[in-house]
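Chemist: Below: one structure in structure tokens.
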Amino acid sequence: LHMLGAGDFQHLNGSLEAHLKGTGEILRNWGSSELLQTAGLFHAAYGTAGFDENMVSLSQRQEIARVIGSEEEALVYLYCSCDRDYVFPQFGKVPTIQFKDRFTDSAFQLEPETAKLFCEMTVANELELVYGSDDFKSKYGAELLELFQGMDSYLSVEARRAYRSALSSFA
């Protein structure tokens, strides 16, 4: 992360590097797979719909895959490519999620196992921000609670417990 310059990017509660490490730590504390923990550490490498800056170019995908693994890189790409305005409103409302790639504008059905990984990383990412900023929590807490409740069936017991505890004041 440091070699990619993550410490040079400012993020809500400090550097992007600190946020990425915090997200990875949350996933580790939940007992998540190595795949998910590693992807969590790099989840914003190509930028996201909520964080436009990117540490690396999409043209470097193969290089990143060599460093972190192909499955991990594929999950990082998926997370970064998510068209949140298209994807997020579907959770809790439809039985299968249509995913839309904001880079290519292509859409496809998200497989249940992939949806679980995506949702788990989403909750860890957002909770890392909630834990570090009362302003973020008060501004986005109700919206996050609604999103996470929609994702509930895709989440681990630990992720459910964490978001319910962190956002209980919005219930």
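Chain labels run A, B, ... following the order of the structure tokens; each chain numbers its residues from 1, and ligands are numbered from 1 in the order shown.
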Could you go through region 74-128 of chain A and tell me which residues DSSP, when run on the backbone, assigns to strand (DSSP E), listing them as a VMD selection string?

Modeler: chain A and resid 98 to 100 107 to 109

Chemist: For the atom pair CA of Cys119 (chain A) and CA of Phe148 (chain A), what is the interatomic distance in Å to one decimal place?

Modeler: 8.2 Å

Chemist: Which is closest to Asp85 (chain A) among A:Glu120, A:Leu147, A:Phe42, A:Arg61, if we use only C-alpha atoms?

Modeler: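 Looking at the shortest contact to Asp85 (chain A), the residue is A:Leu147.
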
Chemist: Which polymer residues have any atom within 6 Å of an atom of Gln109 (chain A), counting only C-alpha atoms, with same-chain residues fewer than 5 positions away left out, as number ranges by chain?

Modeler: A: 97-99

Chemist: I need the residue nearest Asp83 (chain A) from this list: A:Gly69, A:Gly141, A:Gly47, A:Gly40. Use only C-alpha atoms for the distance.

Modeler: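 Checking each of A:Gly69, A:Gly141, A:Gly47, A:Gly40 against Asp83 (chain A), counting only C-alpha atoms, the winner is A:Gly47.
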
Chemist: Show me, as a VMD selection string, the residues that have an atom within 9 Å of Leu145 (chain A) when counting only C-alpha atoms, minus same-chain residues fewer than 3 positions from it.

Modeler: chain A and resid 140 to 142 148 to 150 163 to 164 167 to 168 170 to 171

Chemist: Hey, which of A:Ser81, A:Ser133, A:Gln90, A:Thr96 ends up closest to Glu111 (chain A)? Count only C-alpha atoms.

Modeler: A:Thr96

Chemist: Considering only C-alpha atoms, can you say which of A:Ser165, A:Ala39, A:Lys116, A:Val94 comes closest to Ser70 (chain A)?

Modeler: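 Smallest distance to Ser70 (chain A) is found for A:Ala39.
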
Chemist: Find the residues near Glu72 (chain A): any atom within 8 Å, counting only C-alpha atoms, skip ones fewer than 3 places away on the same chain, and give them as a list in words.

Modeler: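 Final neighbour list, sorted by chain and number: Leu35, Leu36, Thr38, Ala39, Ala65, Ile68, Gly69, Leu75 and Val76 of chain A.
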
Chemist: To one decimal in Å, tell me the separation between CA of Glu128 (chain A) and CA of Met151 (chain A).

Modeler: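 Atom-to-atom, CA of Glu128 (chain A) to CA of Met151 (chain A), that is 17.3 Å.
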
Chemist: Please determine, counting only C-alpha atoms, which residue among A:Thr122, A:Thr104, A:Gln60, A:Thr114 has the shortest atom-to-atom distance to Phe88 (chain A).

Modeler: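 With only C-alpha atoms as the atom set, the closest residue is A:Thr122.
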
Chemist: Rank A:Leu16, A:Ile26, A:Val87, A:Ala166 by their smallest atom-to-atom distance to Met121 (chain A), using only C-alpha atoms, and report the top residue only.

Modeler: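 Looking only at the distances to Met121 (chain A), the closest residue turns out to be A:Ile26.
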
Chemist: Could you pull out the residues in region 40-115 of chain A that DSSP calls helix (DSSP H, G or I) from the backbone, as a VMD selection string?

Modeler: chain A and resid 40 to 41 58 to 68 70 to 81 84 to 90 112 to 115
